[in-house]
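Chemist: So here's data.cif, just mmCIF, C-alpha atoms and all ligand atoms:
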```cif
data_entry
#
loop_
_atom_site.label_atom_id
_atom_site.label_comp_id
_atom_site.auth_asym_id
_atom_site.auth_seq_id
_atom_site.Cartn_x
_atom_site.Cartn_y
_atom_site.Cartn_z
CA MET A 1 -151.34 118.65 -87.72
CA VAL A 2 -147.82 119.17 -89.00
CA ILE A 3 -146.52 119.20 -92.54
CA ILE A 4 -143.28 117.35 -92.09
CA ASN A 5 -142.22 116.68 -95.58
CA ASP A 6 -142.62 119.78 -97.70
CA THR A 7 -140.06 119.32 -100.44
CA SER A 8 -138.66 122.56 -101.66
CA PRO A 9 -136.12 123.83 -99.11
CA PHE A 10 -134.15 120.63 -98.97
CA TYR A 11 -133.78 120.04 -102.66
CA THR A 12 -132.49 123.48 -103.50
CA SER A 13 -129.27 122.82 -101.62
CA ASP A 14 -126.02 123.23 -103.56
CA ASN A 15 -124.76 119.77 -102.83
CA PRO A 16 -127.06 117.18 -104.38
CA SER A 17 -124.70 114.33 -103.59
CA LEU A 18 -125.58 114.78 -99.92
CA MET A 19 -129.31 114.88 -100.50
CA TRP A 20 -130.32 111.31 -100.78
CA GLU A 21 -128.90 107.94 -100.10
CA MET A 22 -128.31 105.58 -102.99
CA THR A 23 -131.55 104.74 -104.78
CA ILE A 24 -132.20 101.30 -106.23
CA CYS A 25 -132.03 102.92 -109.65
CA GLN A 26 -128.65 104.46 -108.90
CA SER A 27 -127.33 101.18 -107.42
CA LEU A 28 -128.16 99.71 -110.84
CA SER A 29 -126.77 102.58 -112.89
CA ARG A 30 -124.77 100.02 -114.91
CA SER A 31 -125.28 96.36 -115.66
CA ASP A 32 -121.83 95.54 -114.26
CA ASN A 33 -122.40 97.21 -110.86
CA ALA A 34 -121.77 94.74 -108.02
CA VAL A 35 -125.43 94.49 -106.93
CA ALA A 36 -126.60 93.61 -110.46
CA SER A 37 -125.27 90.10 -109.90
CA ALA A 38 -128.24 89.56 -107.53
CA LEU A 39 -130.52 89.66 -110.60
CA THR A 40 -131.32 86.75 -112.90
CA ASN A 41 -130.60 89.03 -115.85
CA PRO A 42 -128.12 91.71 -114.73
CA ARG A 43 -129.10 94.97 -116.41
CA ALA A 44 -129.16 98.66 -115.62
CA TYR A 45 -132.41 99.84 -114.02
CA GLY A 46 -133.47 101.90 -117.06
CA ALA A 47 -133.00 98.87 -119.31
CA ILE A 48 -135.13 96.76 -116.94
CA LEU A 49 -137.88 99.38 -117.09
CA ALA A 50 -137.69 99.54 -120.91
CA ALA A 51 -138.07 95.74 -121.16
CA PHE A 52 -140.89 95.71 -118.57
CA ILE A 53 -142.91 98.26 -120.57
CA ALA A 54 -142.10 96.70 -123.95
CA GLU A 55 -143.42 93.33 -122.70
CA ARG A 56 -146.74 94.97 -121.86
CA ILE A 57 -147.35 97.29 -124.78
CA SER A 58 -145.20 95.61 -127.47
CA SER A 59 -143.53 98.89 -128.39
CA THR A 60 -140.32 100.75 -127.72
CA ASN A 61 -141.27 103.85 -129.71
CA PHE A 62 -142.56 106.88 -127.86
CA GLY A 63 -143.40 110.40 -128.93
CA HIS A 64 -143.03 112.28 -125.66
CA ILE A 65 -141.56 110.88 -122.42
CA VAL A 66 -141.72 112.88 -119.17
CA GLU A 67 -139.65 112.00 -116.13
CA VAL A 68 -140.22 113.78 -112.84
CA GLY A 69 -137.54 113.80 -110.15
CA GLY A 70 -134.94 112.11 -112.33
CA GLY A 71 -131.95 112.66 -109.99
CA TYR A 72 -128.73 112.27 -111.96
CA GLY A 73 -130.58 111.35 -115.17
CA THR A 74 -129.26 107.79 -115.01
CA LEU A 75 -132.60 106.06 -115.51
CA MET A 76 -133.45 108.12 -118.59
CA GLY A 77 -129.95 107.65 -120.03
CA ASN A 78 -130.28 103.87 -119.76
CA LEU A 79 -133.90 103.87 -120.94
CA LEU A 80 -132.93 105.74 -124.09
CA SER A 81 -130.39 103.09 -124.98
CA THR A 82 -133.37 100.78 -125.60
CA VAL A 83 -136.43 102.91 -126.39
CA ARG A 84 -136.88 105.73 -128.88
CA ALA A 85 -138.46 109.08 -128.08
CA LYS A 86 -139.02 112.24 -130.10
CA LEU A 87 -138.99 114.48 -127.05
CA VAL A 88 -138.01 113.99 -123.40
CA THR A 89 -139.08 116.41 -120.68
CA MET A 90 -137.23 116.23 -117.36
CA VAL A 91 -139.11 117.92 -114.51
CA ASP A 92 -137.37 118.49 -111.20
CA ILE A 93 -137.70 120.79 -108.25
CA SER A 94 -133.92 121.07 -108.03
CA PRO A 95 -132.02 123.20 -110.58
CA ARG A 96 -128.79 121.35 -109.75
CA PHE A 97 -130.29 117.98 -110.55
CA LEU A 98 -131.75 119.38 -113.76
CA GLU A 99 -128.28 120.54 -114.83
CA MET A 100 -126.89 117.08 -114.24
CA GLN A 101 -129.80 115.48 -116.11
CA ALA A 102 -129.22 117.76 -119.12
CA GLU A 103 -125.53 116.85 -119.08
CA GLU A 104 -126.23 113.13 -118.83
CA LEU A 105 -128.71 113.20 -121.71
CA GLU A 106 -126.84 115.61 -123.99
CA GLY A 107 -126.84 114.44 -127.59
CA LEU A 108 -129.12 111.46 -126.93
CA VAL A 109 -132.44 113.07 -127.76
CA ASP A 110 -134.34 116.37 -127.85
CA VAL A 111 -134.44 117.16 -124.10
CA ARG A 112 -136.41 119.90 -122.36
CA THR A 113 -135.83 120.63 -118.68
CA VAL A 114 -138.48 122.20 -116.46
CA GLN A 115 -137.86 123.35 -112.91
CA SER A 116 -141.09 122.74 -111.05
CA ASP A 117 -142.80 120.80 -108.35
CA ALA A 118 -144.19 117.63 -109.95
CA VAL A 119 -147.87 118.24 -109.10
CA ARG A 120 -147.70 121.88 -110.16
CA PHE A 121 -146.14 120.78 -113.46
CA LEU A 122 -148.89 118.24 -114.17
CA ASN A 123 -151.65 120.68 -113.31
CA GLY A 124 -150.29 123.14 -115.88
CA PHE A 125 -149.33 120.51 -118.47
CA GLN A 126 -151.31 120.84 -121.71
CA GLY A 127 -151.61 117.62 -123.66
CA CYS A 128 -150.81 114.02 -122.90
CA CYS A 129 -147.36 112.40 -122.88
CA ASP A 130 -146.90 108.79 -123.96
CA LEU A 131 -144.89 107.71 -120.92
CA LEU A 132 -144.39 109.36 -117.55
CA ILE A 133 -141.87 108.10 -114.98
CA ALA A 134 -141.67 108.96 -111.27
CA ASN A 135 -139.03 106.68 -109.81
CA GLU A 136 -138.28 106.57 -106.09
CA ASN A 137 -139.38 110.13 -105.41
CA ILE A 138 -143.06 110.38 -104.46
CA GLY A 139 -142.06 109.63 -100.85
CA ASP A 140 -140.44 113.09 -100.97
CA PHE A 141 -143.71 114.79 -101.85
CA THR A 142 -145.81 116.35 -99.09
CA THR A 143 -147.01 113.90 -96.45
CA VAL A 144 -149.35 115.25 -93.80
CA ASP A 145 -148.49 113.63 -90.48
CA GLY A 146 -150.04 113.79 -87.02
CA LEU A 147 -153.61 113.50 -88.28
CA ASP A 148 -156.26 112.36 -85.80
CA ALA A 149 -157.69 109.34 -87.63
CA THR A 150 -161.09 109.54 -85.91
CA LYS A 151 -161.55 113.21 -86.78
CA LEU A 152 -160.37 112.63 -90.34
CA ARG A 153 -162.86 109.80 -90.86
CA GLU A 154 -165.66 111.93 -89.41
CA ARG A 155 -164.72 114.84 -91.65
CA ALA A 156 -164.60 112.53 -94.69
CA VAL A 157 -168.16 111.27 -94.19
CA ALA A 158 -169.70 114.55 -92.94
CA ASP A 159 -172.23 116.07 -95.29
CA GLU A 160 -170.32 119.34 -95.40
CA PRO A 161 -168.23 121.13 -98.02
CA LEU A 162 -164.47 120.76 -97.64
CA GLY A 163 -161.93 123.58 -97.73
CA GLU A 164 -158.43 124.00 -99.15
CA GLY A 165 -156.39 123.31 -95.98
CA GLU A 166 -154.30 120.11 -95.76
CA PHE A 167 -156.67 118.41 -93.36
CA ASP A 168 -159.65 118.95 -95.65
CA ARG A 169 -157.64 117.97 -98.74
CA CYS A 170 -156.82 114.66 -97.03
CA ALA A 171 -160.49 114.26 -96.04
CA ARG A 172 -161.50 114.95 -99.64
CA PHE A 173 -159.35 112.05 -100.87
CA ALA A 174 -160.76 109.74 -98.21
CA ARG A 175 -164.32 110.79 -99.13
CA GLN A 176 -164.04 110.81 -102.92
CA TYR A 177 -162.07 107.57 -103.29
CA LYS A 178 -163.39 105.77 -100.19
CA LEU A 179 -159.87 105.31 -98.88
CA GLU A 180 -159.49 102.99 -95.91
CA LEU A 181 -158.18 104.72 -92.78
CA PRO A 182 -157.39 103.37 -89.33
CA ALA A 183 -160.31 103.62 -86.85
CA HIS A 184 -158.34 105.67 -84.32
CA GLY A 185 -154.90 106.94 -83.39
CA VAL A 186 -152.55 109.20 -85.30
CA VAL A 187 -152.14 108.73 -89.02
CA ALA A 188 -150.13 110.21 -91.89
CA MET A 189 -151.49 110.68 -95.42
CA ASN A 190 -149.40 110.88 -98.59
CA LEU A 191 -151.22 113.97 -99.82
CA GLY A 192 -148.63 115.00 -102.42
CA ALA A 193 -148.44 111.50 -103.95
CA LEU A 194 -152.26 111.28 -104.06
CA GLU A 195 -152.54 114.68 -105.75
CA PHE A 196 -149.83 113.62 -108.18
CA VAL A 197 -151.65 110.43 -109.25
CA GLU A 198 -154.97 112.27 -109.49
CA ALA A 199 -153.33 114.92 -111.70
CA LEU A 200 -152.10 112.20 -114.10
CA SER A 201 -155.62 111.76 -115.46
CA GLY A 202 -155.59 112.54 -119.19
CA LYS A 203 -151.93 113.63 -119.01
CA ALA A 204 -150.13 110.29 -119.57
CA GLY A 205 -150.84 107.22 -121.68
CA ILE A 206 -148.62 105.12 -119.43
CA ALA A 207 -147.13 105.98 -116.06
CA PHE A 208 -144.53 104.10 -114.03
CA ILE A 209 -144.17 104.92 -110.35
CA SER A 210 -141.98 103.21 -107.76
CA GLU A 211 -141.42 103.95 -104.09
CA HIS A 212 -140.95 102.56 -100.58
CA SER A 213 -144.27 100.89 -99.83
CA ALA A 214 -146.25 101.13 -96.60
CA ASP A 215 -148.49 98.18 -97.47
CA ILE A 216 -146.56 95.72 -99.58
CA SER A 217 -147.69 92.09 -99.22
CA PRO A 218 -145.09 89.38 -98.72
CA ASP A 219 -144.33 87.55 -101.97
CA PRO A 220 -144.08 83.75 -101.47
CA ARG A 221 -141.32 83.55 -104.11
CA TYR A 222 -139.22 85.84 -101.93
CA ASP A 223 -139.91 84.20 -98.57
CA PHE A 224 -136.27 84.96 -97.64
CA LEU A 225 -136.87 88.71 -98.01
CA GLN A 226 -139.87 89.53 -95.86
CA PRO A 227 -140.87 93.21 -95.93
CA ILE A 228 -141.56 95.02 -92.67
CA ALA A 229 -144.36 97.23 -94.02
CA THR A 230 -146.57 98.60 -91.23
CA GLY A 231 -149.66 99.28 -93.36
CA GLN A 232 -149.49 103.02 -92.69
CA PRO A 233 -147.16 105.69 -94.12
CA ARG A 234 -144.02 105.69 -91.99
CA ARG A 235 -141.44 108.44 -91.60
CA ILE A 236 -138.03 107.29 -92.80
CA GLU A 237 -135.03 109.26 -91.61
CA LEU A 238 -132.28 109.59 -94.18
CA LYS A 239 -128.93 111.28 -93.84
CA ASP A 240 -130.13 114.81 -94.51
CA HIS A 241 -133.87 114.62 -94.80
CA ALA A 242 -136.85 112.43 -94.11
CA GLU A 243 -139.29 110.84 -96.49
CA TYR A 244 -142.42 108.72 -96.07
CA SER A 245 -143.36 105.26 -97.21
CA ILE A 246 -146.40 105.25 -99.49
CA ARG A 247 -149.80 103.56 -99.12
CA PHE A 248 -149.98 101.94 -102.53
CA ASP A 249 -153.59 100.82 -102.02
CA HIS A 250 -154.55 104.52 -101.80
CA LEU A 251 -152.66 105.35 -105.00
CA GLU A 252 -154.23 102.38 -106.72
CA ALA A 253 -157.77 103.54 -105.86
CA VAL A 254 -157.08 107.05 -107.16
CA ALA A 255 -155.41 105.74 -110.33
CA ARG A 256 -158.36 103.48 -111.17
CA ALA A 257 -160.79 106.36 -110.71
CA ALA A 258 -158.51 108.50 -112.90
CA GLY A 259 -159.09 106.05 -115.77
CA PHE A 260 -156.03 103.79 -115.57
CA THR A 261 -155.69 100.04 -115.45
CA VAL A 262 -153.25 99.28 -112.64
CA GLU A 263 -150.51 96.70 -112.34
CA ARG A 264 -148.89 96.57 -108.94
CA ILE A 265 -145.64 94.62 -108.67
CA SER A 266 -142.97 94.22 -105.99
CA MET A 267 -139.58 95.74 -106.75
CA LEU A 268 -138.00 92.29 -106.25
CA GLU A 269 -140.14 90.86 -109.01
CA PHE A 270 -139.73 93.91 -111.24
CA LEU A 271 -135.94 93.60 -110.99
CA GLY A 272 -135.99 89.83 -111.34
CA VAL A 273 -134.04 89.17 -108.14
CA ARG A 274 -132.58 85.66 -107.98
CA THR A 275 -134.16 83.12 -105.64
CA ASP A 276 -131.35 80.54 -105.61
CA LYS A 277 -129.24 79.45 -102.62
CA GLY A 278 -126.61 82.13 -103.25
CA ALA A 279 -129.21 84.91 -103.23
CA ARG A 280 -130.77 83.48 -100.06
CA PHE A 281 -127.38 83.42 -98.41
CA MET A 282 -126.54 87.01 -99.35
CA ALA A 283 -129.97 88.25 -98.24
CA GLY A 284 -129.52 86.61 -94.84
CA VAL A 285 -125.90 87.28 -93.83
CA GLU A 286 -125.00 90.64 -92.33
CA CYS A 287 -121.23 90.64 -92.09
CA VAL A 288 -119.01 88.20 -93.95
CA GLY A 289 -115.98 90.42 -94.53
CA ASN A 290 -116.75 90.54 -98.25
CA GLU A 291 -117.69 94.00 -99.50
CA LYS A 292 -119.63 92.79 -102.52
CA VAL A 293 -121.76 90.34 -100.53
CA GLU A 294 -122.41 93.00 -97.90
CA ALA A 295 -123.45 95.50 -100.59
CA ILE A 296 -125.86 92.95 -102.09
CA HIS A 297 -127.24 92.20 -98.62
CA GLU A 298 -127.98 95.90 -98.06
CA PHE A 299 -129.41 96.29 -101.53
CA LEU A 300 -131.80 93.32 -101.29
CA ASN A 301 -133.02 94.26 -97.83
CA HIS A 302 -133.69 97.78 -99.10
CA ALA A 303 -135.38 96.70 -102.34
CA LYS A 304 -137.73 94.27 -100.55
CA GLU A 305 -139.70 97.25 -99.16
CA TYR A 306 -140.39 98.81 -102.57
CA GLU A 307 -143.27 98.48 -104.99
CA CYS A 308 -143.95 99.65 -108.53
CA LEU A 309 -147.16 100.73 -110.24
CA LEU A 310 -147.70 100.59 -113.96
CA LEU A 311 -150.70 102.67 -114.99
CA VAL A 312 -152.10 102.34 -118.49
CA ALA A 313 -154.80 104.75 -119.61
CA GLU A 314 -158.00 102.97 -120.61
CA GLU A 315 -159.17 103.57 -124.16
CA GLY A 316 -161.70 106.33 -124.75
C1 LIG B 1 -134.48 110.30 -104.26
S1 LIG B 1 -134.15 111.21 -105.71
C2 LIG B 1 -134.61 110.01 -106.93
C3 LIG B 1 -133.82 110.20 -108.16
C4 LIG B 1 -134.06 109.16 -109.28
N1 LIG B 1 -135.44 109.13 -109.71
C5 LIG B 1 -133.62 107.79 -108.86
O1 LIG B 1 -134.47 106.89 -108.76
O2 LIG B 1 -132.42 107.58 -108.65
C6 LIG B 1 -135.48 112.37 -105.72
C7 LIG B 1 -135.55 113.25 -106.96
O3 LIG B 1 -136.84 113.88 -106.96
C8 LIG B 1 -136.70 115.30 -107.04
N2 LIG B 1 -137.84 115.87 -106.32
C9 LIG B 1 -138.10 115.83 -104.99
N3 LIG B 1 -139.27 116.43 -104.71
C10 LIG B 1 -139.78 116.84 -105.89
C11 LIG B 1 -140.99 117.52 -106.27
N4 LIG B 1 -141.89 117.86 -105.35
N5 LIG B 1 -141.19 117.76 -107.58
C12 LIG B 1 -140.27 117.42 -108.53
N6 LIG B 1 -139.11 116.78 -108.22
C13 LIG B 1 -138.87 116.49 -106.93
C14 LIG B 1 -135.32 115.56 -106.44
O4 LIG B 1 -134.79 116.81 -106.79
C15 LIG B 1 -134.54 114.38 -107.00
O5 LIG B 1 -134.14 114.60 -108.35
#
```
How would this structure read if it were set down as structure tokens?

Modeler:
Amino acid sequence: MVIINDTSPFYTSDNPSLMWEMTICQSLSRSDNAVASALTNPRAYGAILAAFIAERISSTNFGHIVEVGGGYGTLMGNLLSTVRAKLVTMVDISPRFLEMQAEELEGLVDVRTVQSDAVRFLNGFQGCCDLLIANENIGDFTTVDGLDATKLRERAVADEPLGEGEFDRCARFARQYKLELPAHGVVAMNLGALEFVEALSGKAGIAFISEHSADISPDPRYDFLQPIATGQPRRIELKDHAEYSIRFDHLEAVARAAGFTVERISMLEFLGVRTDKGARFMAGVECVGNEKVEAIHEFLNHAKEYECLLLVAEEG
């Protein structure tokens, strides 16, 4: 078994601009960015999230908002142009990103920055925030790869106590939440993302999570943007690091057991991507000698692999 995706060394580099390729959120940092014209209602990502939540809970007033892994702080900056918060806590493993987040949010609201791993933060967090956001980052959390699926299944059902090693922690999730695993072969488990969702219990009234999905189902409305999800967490090589796609069905099972109602929605639907002829054309063509169309093509074919989870804590 190999831990391939432990987060800390990579994200403490001095050059954050080299650390990750453009996120969907960053591609939609402003409503007039080129790719926003692929949306029925071109808006910045943070404004889309604010409207999405407001539609569900009929409120744009929050006491305490926590964002983990907020990158440049763009999402929170845009969110705060629509929603109100008394306190915002930005949690990030990278001090450089935290500096940029503080700069981006200066003067907007009472902001606290905390340098920490996301799971460690939640485990030590006293109280319950109103809204927690983890956008396009849980694929960076620890994924345990190279697991023997047969042995893992056997360990999960064995009537034996489990230890603290990664293999047993994965087996514990499979056992406790009856997670589906392949019958044989080599498998990867999104241990960090699972521990993160489990740790949300009692710590957030609402949580929004988005990431590259391992098990997204094709959406008939977007028949021109078919995802290539394999069903299992897949290693994705980026410029300077690798991340893993996420088994959303596993997260969903853990979130329900943690006392949340779960809404699972494709990124295409969340963003409100257009379905007209023009959008179909841009999604399909690879090279037309037009930079804007090519950027939208890349963007749509990236976004089609992503899913979002909205978790709402059940009363009582
Ligand atoms: C791919 S960027 C996403 C940034 C932003 N949320 C967006 O959507 O544009 C990943 C962010 O997560 C942070 N991060 C990665 N691993 C983390 C961990 N284990 N705990 C807390 N933050 C982490 C990185 O420092 C960075 O800010």

Chemist: (-150.4, 98.9, -104.7) in this file's frame - what residues fall within 7 Å of it? Use all atoms listed in the file and give the answer as a PDB file with C-alpha atoms, in the frame of the given file.

Modeler:
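Done, and the output landed in selection.pdb:
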```pdb
ATOM      1  CA  PHE A 248    -149.980 101.940-102.530  1.00  0.00           C
ATOM      2  CA  ASP A 249    -153.590 100.820-102.020  1.00  0.00           C
ATOM      3  CA  LEU A 251    -152.660 105.350-105.000  1.00  0.00           C
ATOM      4  CA  GLU A 252    -154.230 102.380-106.720  1.00  0.00           C
ATOM      5  CA  ARG A 264    -148.890  96.570-108.940  1.00  0.00           C
ATOM      6  CA  LEU A 309    -147.160 100.730-110.240  1.00  0.00           C
TER       7      LEU A 309
END
```

Chemist: Excluding Arg175 (chain A) and any residue of its chain fewer than 4 positions from it, enumerate the residues within 7 Å of it, using all atoms listed in the file, and give them as a PyMOL selection string.

Modeler: chain A and resi 156-157+171

Chemist: Show me which residues line ligand LIG 1 (chain B), defined as having an atom within 8 Å of a ligand atom where all atoms listed in the file count, and present them as a ChimeraX atom specification.

Modeler: /A:6-8,11-12,19-26,68-75,91-95,97-98,115-119,134-138,140-142,192

Chemist: Report, in Å with one decimal, the straight-line distance from CA of Ile209 (chain A) to CA of Arg84 (chain A).

Modeler: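 Result for CA of Ile209 (chain A) versus CA of Arg84 (chain A): 19.9 Å, one decimal.
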
Chemist: Would you mind telling me which residue in A:Leu300, A:Val254, A:Gly107, A:Glu315 lies nearest to Ser37 (chain A) when using all atoms listed in the file?

Modeler: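 Checking each of A:Leu300, A:Val254, A:Gly107, A:Glu315 against Ser37 (chain A), counting all atoms listed in the file, the winner is A:Leu300.
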
Chemist: Could you tell me which of A:Gly124, A:Pro227, A:Gly278, A:Gly163 comes closest to Asp215 (chain A) if we count all atoms listed in the file?

Modeler: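 Checking each of A:Gly124, A:Pro227, A:Gly278, A:Gly163 against Asp215 (chain A), counting all atoms listed in the file, the winner is A:Pro227.
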
Chemist: When you count only C-alpha atoms, which of these residues is closest to Thr60 (chain A): A:Leu194, A:Leu80, A:Leu152, A:Ile133?

Modeler: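 Of A:Leu194, A:Leu80, A:Leu152, A:Ile133, the one nearest Thr60 (chain A), counting only C-alpha atoms, is A:Leu80.
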
Chemist: Hey, what's within 8 Å of Gly272 (chain A) if we count only C-alpha atoms and toss same-chain stuff fewer than 6 positions away? As a list in words, please?

Modeler: Leu39, Thr40 and Asn41 of chain A

Chemist: Could you tell me how far CA of Leu310 (chain A) sits from CA of Gly77 (chain A), in Å to one decimal place?

Modeler: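 CA of Leu310 (chain A) lies at a distance of 20.0 Å from CA of Gly77 (chain A).
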
Chemist: Could region 293-312 of chain A be completed with N, CA and C atoms and returned as an mmCIF file, in the frame of the given file?

Modeler:
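Everything below was put into part16.cif:
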```cif
data_model
loop_
_atom_site.group_PDB
_atom_site.id
_atom_site.type_symbol
_atom_site.label_atom_id
_atom_site.label_comp_id
_atom_site.auth_asym_id
_atom_site.auth_seq_id
_atom_site.Cartn_x
_atom_site.Cartn_y
_atom_site.Cartn_z
ATOM 1 N N VAL A 293 -120.629 91.054 -101.142
ATOM 2 C CA VAL A 293 -121.760 90.340 -100.530
ATOM 3 C C VAL A 293 -122.515 91.272 -99.578
ATOM 4 N N GLU A 294 -121.755 92.083 -98.837
ATOM 5 C CA GLU A 294 -122.410 93.000 -97.900
ATOM 6 C C GLU A 294 -123.227 94.067 -98.645
ATOM 7 N N ALA A 295 -122.712 94.514 -99.786
ATOM 8 C CA ALA A 295 -123.450 95.500 -100.590
ATOM 9 C C ALA A 295 -124.751 94.865 -101.122
ATOM 10 N N ILE A 296 -124.657 93.626 -101.557
ATOM 11 C CA ILE A 296 -125.860 92.950 -102.090
ATOM 12 C C ILE A 296 -126.862 92.723 -100.955
ATOM 13 N N HIS A 297 -126.359 92.382 -99.782
ATOM 14 C CA HIS A 297 -127.240 92.200 -98.620
ATOM 15 C C HIS A 297 -128.035 93.489 -98.347
ATOM 16 N N GLU A 298 -127.321 94.604 -98.306
ATOM 17 C CA GLU A 298 -127.980 95.900 -98.060
ATOM 18 C C GLU A 298 -129.004 96.198 -99.153
ATOM 19 N N PHE A 299 -128.578 95.989 -100.369
ATOM 20 C CA PHE A 299 -129.410 96.290 -101.530
ATOM 21 C C PHE A 299 -130.720 95.488 -101.492
ATOM 22 N N LEU A 300 -130.599 94.181 -101.271
ATOM 23 C CA LEU A 300 -131.800 93.320 -101.290
ATOM 24 C C LEU A 300 -132.742 93.672 -100.142
ATOM 25 N N ASN A 301 -132.170 93.956 -98.981
ATOM 26 C CA ASN A 301 -133.020 94.260 -97.830
ATOM 27 C C ASN A 301 -133.639 95.658 -97.921
ATOM 28 N N HIS A 302 -133.098 96.483 -98.789
ATOM 29 C CA HIS A 302 -133.690 97.780 -99.100
ATOM 30 C C HIS A 302 -134.796 97.587 -100.147
ATOM 31 N N ALA A 303 -134.447 96.875 -101.204
ATOM 32 C CA ALA A 303 -135.380 96.700 -102.340
ATOM 33 C C ALA A 303 -136.645 95.948 -101.935
ATOM 34 N N LYS A 304 -136.570 95.096 -100.928
ATOM 35 C CA LYS A 304 -137.730 94.270 -100.550
ATOM 36 C C LYS A 304 -138.912 95.116 -100.056
ATOM 37 N N GLU A 305 -138.637 96.376 -99.676
ATOM 38 C CA GLU A 305 -139.700 97.250 -99.160
ATOM 39 C C GLU A 305 -140.389 98.048 -100.267
ATOM 40 N N TYR A 306 -139.907 97.932 -101.499
ATOM 41 C CA TYR A 306 -140.390 98.810 -102.570
ATOM 42 C C TYR A 306 -141.420 98.130 -103.464
ATOM 43 N N GLU A 307 -142.295 98.968 -104.009
ATOM 44 C CA GLU A 307 -143.270 98.480 -104.990
ATOM 45 C C GLU A 307 -143.269 99.399 -106.206
ATOM 46 N N CYS A 308 -143.822 98.871 -107.287
ATOM 47 C CA CYS A 308 -143.950 99.650 -108.530
ATOM 48 C C CYS A 308 -145.404 99.603 -108.975
ATOM 49 N N LEU A 309 -145.823 100.683 -109.624
ATOM 50 C CA LEU A 309 -147.160 100.730 -110.240
ATOM 51 C C LEU A 309 -146.977 101.023 -111.711
ATOM 52 N N LEU A 310 -147.631 100.239 -112.537
ATOM 53 C CA LEU A 310 -147.700 100.590 -113.960
ATOM 54 C C LEU A 310 -149.150 100.955 -114.246
ATOM 55 N N LEU A 311 -149.354 102.181 -114.681
ATOM 56 C CA LEU A 311 -150.700 102.670 -114.990
ATOM 57 C C LEU A 311 -150.827 102.804 -116.502
ATOM 58 N N VAL A 312 -151.876 102.228 -117.046
ATOM 59 C CA VAL A 312 -152.100 102.340 -118.490
ATOM 60 C C VAL A 312 -153.493 102.944 -118.694
#
```
